[in-house]
file target-v7.cif (mmCIF, N, CA and C atoms)
data_entry
loop_
_atom_site.label_atom_id
_atom_site.label_comp_id
_atom_site.auth_asym_id
_atom_site.auth_seq_id
_atom_site.Cartn_x
_atom_site.Cartn_y
_atom_site.Cartn_z
N PRO A 1 69.65 122.56 20.71
CA PRO A 1 70.87 121.80 20.49
C PRO A 1 70.61 120.63 19.55
N ASN A 2 71.63 120.23 18.92
CA ASN A 2 71.53 119.15 17.94
C ASN A 2 72.29 117.92 18.42
N TYR A 3 72.26 117.65 19.71
CA TYR A 3 72.99 116.52 20.26
C TYR A 3 72.12 115.80 21.28
N GLY A 4 72.59 114.65 21.70
CA GLY A 4 71.85 113.89 22.72
C GLY A 4 71.04 112.78 22.09
N SER A 5 70.01 112.35 22.81
CA SER A 5 69.14 111.30 22.30
C SER A 5 67.70 111.78 22.40
N LEU A 6 66.80 111.02 21.84
CA LEU A 6 65.39 111.39 21.84
C LEU A 6 64.59 110.50 22.79
N VAL A 7 65.22 110.06 23.87
CA VAL A 7 64.55 109.18 24.83
C VAL A 7 63.29 109.84 25.36
N ASN A 8 63.31 111.15 25.52
CA ASN A 8 62.14 111.86 26.04
C ASN A 8 60.91 111.71 25.15
N GLN A 9 61.08 111.31 23.89
CA GLN A 9 59.94 111.14 22.99
C GLN A 9 59.20 109.84 23.22
N THR A 10 59.62 109.05 24.18
CA THR A 10 58.97 107.77 24.47
C THR A 10 57.89 107.89 25.53
N VAL A 11 57.67 109.07 26.08
CA VAL A 11 56.81 109.19 27.26
C VAL A 11 55.36 108.83 27.03
N PHE A 12 54.86 108.87 25.80
CA PHE A 12 53.46 108.54 25.56
C PHE A 12 53.26 107.15 24.95
N GLU A 13 54.33 106.38 24.83
CA GLU A 13 54.28 105.07 24.19
C GLU A 13 53.94 103.98 25.20
N ASN A 14 53.43 102.85 24.68
CA ASN A 14 53.24 101.71 25.56
C ASN A 14 54.60 101.14 25.94
N GLU A 15 54.63 100.24 26.89
CA GLU A 15 55.89 99.76 27.44
C GLU A 15 56.84 99.20 26.38
N THR A 16 56.35 98.32 25.55
CA THR A 16 57.20 97.67 24.55
C THR A 16 57.76 98.67 23.56
N LEU A 17 56.91 99.54 23.04
CA LEU A 17 57.36 100.53 22.06
C LEU A 17 58.29 101.56 22.70
N ALA A 18 58.01 101.95 23.92
CA ALA A 18 58.87 102.91 24.62
C ALA A 18 60.27 102.34 24.80
N ILE A 19 60.36 101.09 25.19
CA ILE A 19 61.66 100.45 25.38
C ILE A 19 62.40 100.34 24.04
N GLU A 20 61.70 99.91 22.99
CA GLU A 20 62.32 99.79 21.68
C GLU A 20 62.85 101.14 21.19
N LYS A 21 62.03 102.18 21.32
CA LYS A 21 62.44 103.52 20.87
C LYS A 21 63.62 104.03 21.69
N ALA A 22 63.57 103.81 22.99
CA ALA A 22 64.65 104.27 23.86
C ALA A 22 65.96 103.59 23.49
N GLU A 23 65.93 102.28 23.32
CA GLU A 23 67.15 101.55 22.98
C GLU A 23 67.69 101.99 21.62
N THR A 24 66.82 102.17 20.66
CA THR A 24 67.25 102.61 19.32
C THR A 24 67.88 103.99 19.37
N THR A 25 67.24 104.91 20.05
CA THR A 25 67.76 106.28 20.07
C THR A 25 69.06 106.38 20.87
N ILE A 26 69.21 105.55 21.90
CA ILE A 26 70.46 105.53 22.67
C ILE A 26 71.59 104.98 21.80
N ARG A 27 71.31 103.89 21.07
CA ARG A 27 72.32 103.33 20.15
C ARG A 27 72.75 104.38 19.12
N GLU A 28 71.77 105.08 18.55
CA GLU A 28 72.06 106.10 17.54
C GLU A 28 72.89 107.24 18.13
N ALA A 29 72.56 107.66 19.35
CA ALA A 29 73.29 108.74 20.00
C ALA A 29 74.73 108.33 20.29
N PHE A 30 74.91 107.09 20.74
CA PHE A 30 76.28 106.60 20.99
C PHE A 30 77.07 106.59 19.69
N SER A 31 76.44 106.12 18.63
CA SER A 31 77.12 106.03 17.35
C SER A 31 77.51 107.40 16.81
N LYS A 32 76.61 108.35 16.97
CA LYS A 32 76.83 109.69 16.40
C LYS A 32 77.70 110.57 17.29
N TRP A 33 77.41 110.59 18.59
CA TRP A 33 78.03 111.57 19.48
C TRP A 33 79.10 110.99 20.40
N LEU A 34 79.08 109.69 20.62
CA LEU A 34 80.00 109.09 21.58
C LEU A 34 80.76 107.92 20.94
N ALA A 35 81.22 108.13 19.73
CA ALA A 35 81.85 107.05 18.96
C ALA A 35 83.10 106.49 19.63
N THR A 36 83.72 107.25 20.51
CA THR A 36 84.93 106.75 21.19
C THR A 36 84.57 105.77 22.32
N LEU A 37 83.30 105.73 22.68
CA LEU A 37 82.85 104.80 23.72
C LEU A 37 82.21 103.58 23.07
N GLU A 38 82.30 102.44 23.73
CA GLU A 38 81.67 101.22 23.23
C GLU A 38 80.44 100.93 24.08
N LEU A 39 79.28 101.00 23.46
CA LEU A 39 78.04 100.66 24.14
C LEU A 39 78.02 99.14 24.32
N THR A 40 78.00 98.67 25.57
CA THR A 40 78.07 97.23 25.81
C THR A 40 76.70 96.60 26.06
N SER A 41 75.81 97.31 26.74
CA SER A 41 74.46 96.79 26.97
C SER A 41 73.56 97.87 27.54
N MET A 42 72.27 97.55 27.55
CA MET A 42 71.27 98.43 28.15
C MET A 42 70.30 97.58 28.94
N LYS A 43 69.81 98.13 30.04
CA LYS A 43 68.82 97.44 30.85
C LYS A 43 67.64 98.39 31.08
N PRO A 44 66.58 98.25 30.28
CA PRO A 44 65.41 99.11 30.46
C PRO A 44 64.48 98.57 31.55
N VAL A 45 63.94 99.48 32.34
CA VAL A 45 62.95 99.11 33.36
C VAL A 45 61.79 100.08 33.24
N PHE A 46 60.62 99.54 32.94
CA PHE A 46 59.42 100.36 32.82
C PHE A 46 58.64 100.24 34.12
N ASP A 47 58.34 101.36 34.75
CA ASP A 47 57.57 101.39 35.99
C ASP A 47 56.14 101.76 35.63
N ALA A 48 55.27 100.76 35.56
CA ALA A 48 53.88 100.98 35.16
C ALA A 48 53.11 101.82 36.17
N VAL A 49 53.49 101.72 37.43
CA VAL A 49 52.80 102.49 38.47
C VAL A 49 53.07 103.97 38.30
N GLN A 50 54.34 104.33 38.11
CA GLN A 50 54.70 105.74 37.92
C GLN A 50 54.61 106.16 36.46
N GLY A 51 54.56 105.20 35.55
CA GLY A 51 54.51 105.53 34.14
C GLY A 51 55.85 106.05 33.63
N SER A 52 56.93 105.58 34.20
CA SER A 52 58.24 106.09 33.81
C SER A 52 59.10 104.96 33.24
N LEU A 53 60.10 105.36 32.50
CA LEU A 53 61.05 104.43 31.91
C LEU A 53 62.45 104.83 32.35
N GLU A 54 63.19 103.87 32.89
CA GLU A 54 64.57 104.09 33.27
C GLU A 54 65.43 103.10 32.49
N VAL A 55 66.46 103.62 31.84
CA VAL A 55 67.36 102.76 31.08
C VAL A 55 68.76 102.89 31.66
N SER A 56 69.30 101.79 32.14
CA SER A 56 70.69 101.76 32.58
C SER A 56 71.52 101.46 31.34
N VAL A 57 72.48 102.33 31.06
CA VAL A 57 73.31 102.21 29.86
C VAL A 57 74.72 101.86 30.31
N PHE A 58 75.22 100.73 29.84
CA PHE A 58 76.55 100.25 30.20
C PHE A 58 77.47 100.47 29.00
N TYR A 59 78.65 101.02 29.27
CA TYR A 59 79.56 101.31 28.17
C TYR A 59 81.01 101.16 28.63
N ARG A 60 81.91 101.07 27.65
CA ARG A 60 83.33 100.90 27.92
C ARG A 60 84.07 102.12 27.36
N LEU A 61 84.96 102.67 28.19
CA LEU A 61 85.81 103.80 27.79
C LEU A 61 86.96 103.29 26.93
N PRO A 62 87.62 104.18 26.18
CA PRO A 62 88.77 103.77 25.37
C PRO A 62 89.88 103.11 26.21
N THR A 63 89.94 103.42 27.49
CA THR A 63 90.95 102.84 28.38
C THR A 63 90.60 101.41 28.78
N GLY A 64 89.40 100.96 28.44
CA GLY A 64 88.94 99.64 28.83
C GLY A 64 88.09 99.64 30.08
N GLU A 65 88.08 100.76 30.79
CA GLU A 65 87.28 100.88 32.01
C GLU A 65 85.80 100.90 31.63
N GLU A 66 84.99 100.23 32.44
CA GLU A 66 83.55 100.18 32.19
C GLU A 66 82.82 101.13 33.12
N ASP A 67 81.72 101.69 32.62
CA ASP A 67 80.94 102.64 33.41
C ASP A 67 79.47 102.48 33.03
N THR A 68 78.61 103.14 33.79
CA THR A 68 77.18 103.09 33.52
C THR A 68 76.53 104.43 33.82
N VAL A 69 75.43 104.69 33.18
CA VAL A 69 74.64 105.88 33.43
C VAL A 69 73.17 105.47 33.34
N LYS A 70 72.32 106.12 34.14
CA LYS A 70 70.89 105.83 34.09
C LYS A 70 70.17 107.03 33.49
N LEU A 71 69.29 106.75 32.53
CA LEU A 71 68.46 107.78 31.91
C LEU A 71 67.02 107.52 32.30
N LYS A 72 66.30 108.58 32.67
CA LYS A 72 64.90 108.44 33.06
C LYS A 72 64.04 109.41 32.27
N THR A 73 62.80 109.01 32.04
CA THR A 73 61.85 109.90 31.40
C THR A 73 61.18 110.76 32.46
N ALA A 74 60.49 111.78 32.00
CA ALA A 74 59.58 112.54 32.87
C ALA A 74 58.22 111.88 32.75
N ILE A 75 57.38 112.09 33.72
CA ILE A 75 56.02 111.55 33.66
C ILE A 75 55.11 112.65 33.17
N LEU A 76 54.45 112.39 32.04
CA LEU A 76 53.56 113.39 31.45
C LEU A 76 52.15 112.84 31.35
N SER A 77 51.18 113.74 31.42
CA SER A 77 49.81 113.34 31.17
C SER A 77 49.62 113.25 29.66
N SER A 78 48.51 112.69 29.23
CA SER A 78 48.27 112.55 27.79
C SER A 78 48.13 113.90 27.10
N SER A 79 47.86 114.97 27.85
CA SER A 79 47.77 116.30 27.24
C SER A 79 49.13 116.99 27.18
N GLY A 80 50.15 116.34 27.77
CA GLY A 80 51.50 116.89 27.72
C GLY A 80 51.89 117.71 28.93
N ASP A 81 51.01 117.81 29.92
CA ASP A 81 51.34 118.56 31.13
C ASP A 81 52.30 117.75 31.99
N LEU A 82 53.29 118.42 32.52
CA LEU A 82 54.26 117.75 33.38
C LEU A 82 53.60 117.41 34.71
N ILE A 83 53.58 116.13 35.05
CA ILE A 83 53.03 115.69 36.33
C ILE A 83 54.15 115.62 37.36
N GLN A 84 55.25 115.00 36.98
CA GLN A 84 56.37 114.85 37.89
C GLN A 84 57.64 114.79 37.05
N GLU A 85 58.62 115.58 37.41
CA GLU A 85 59.88 115.54 36.70
C GLU A 85 60.83 114.61 37.42
N ILE A 86 61.48 113.74 36.66
CA ILE A 86 62.46 112.83 37.23
C ILE A 86 63.81 113.28 36.75
N THR A 87 64.68 113.62 37.67
CA THR A 87 66.00 114.11 37.29
C THR A 87 67.05 113.03 37.50
N ASN A 88 68.09 113.09 36.71
CA ASN A 88 69.22 112.18 36.91
C ASN A 88 70.07 112.79 38.01
N GLY A 89 70.39 112.00 38.99
CA GLY A 89 71.26 112.54 40.04
C GLY A 89 70.98 112.03 41.33
#
call {"tool": "encode", "arguments": {"input": "target-v7.cif", "output": "structure tokens"}}
result
Amino acid sequence: PNYGSLVNQTVFENETLAIEKAETTIREAFSKWLATLELTSMKPVFDAVQGSLEVSVFYRLPTGEEDTVKLKTAILSSSGDLIQEITNG
């Protein structure tokens, strides 16, 4: 598919770079795919113990109603093997 964001590409980055990449790719995805929504803010949380990144994305609908969604990475080893999958839900 040619839609969505590339947040999953942050899994091997250090905390600062992972957060920067996640925020950038979420902004780009909103601009490209969700232009009717207004991205109002993001709250990234990096869990160093689990090695995961969770980004709470806050946005406004065309009706003015506000909503949020949380995006999480999967935890991968440096060789790319899936250690633990984190699902949204």
call {"tool": "resolve_selection", "arguments": {"input": "target-v7.cif", "expression": "the PyMOL selection byres ((chain A and resi 55-71) around 6)", "output": "list in words"}}
result
Thr36, Leu37, Glu38, Leu39, Thr40, Ser41, Met42, Lys43, Pro44, Val45, Leu53, Glu54, Lys72 and Thr73 of chain A
call {"tool": "atom_distance", "arguments": {"input": "target-v7.cif", "atom1": "CA of Glu15 (chain A)", "atom2": "CA of Phe30 (chain A)"}}
result
22.5 Å
call {"tool": "atom_distance", "arguments": {"input": "target-v7.cif", "atom1": "CA of Gln50 (chain A)", "atom2": "CA of Arg27 (chain A)"}}
result
25.1 Å
call {"tool": "select_by_dssp", "arguments": {"input": "target-v7.cif", "residues": "region 8-67 of chain A", "states": "helix (DSSP H, G or I)", "output": "MDAnalysis selection string"}}
result
chainID A and resid 8:10 15:33
call {"tool": "atom_distance", "arguments": {"input": "target-v7.cif", "atom1": "atom N of Ala35 (chain A)", "atom2": "CA of Glu23 (chain A)"}}
result
15.9 Å
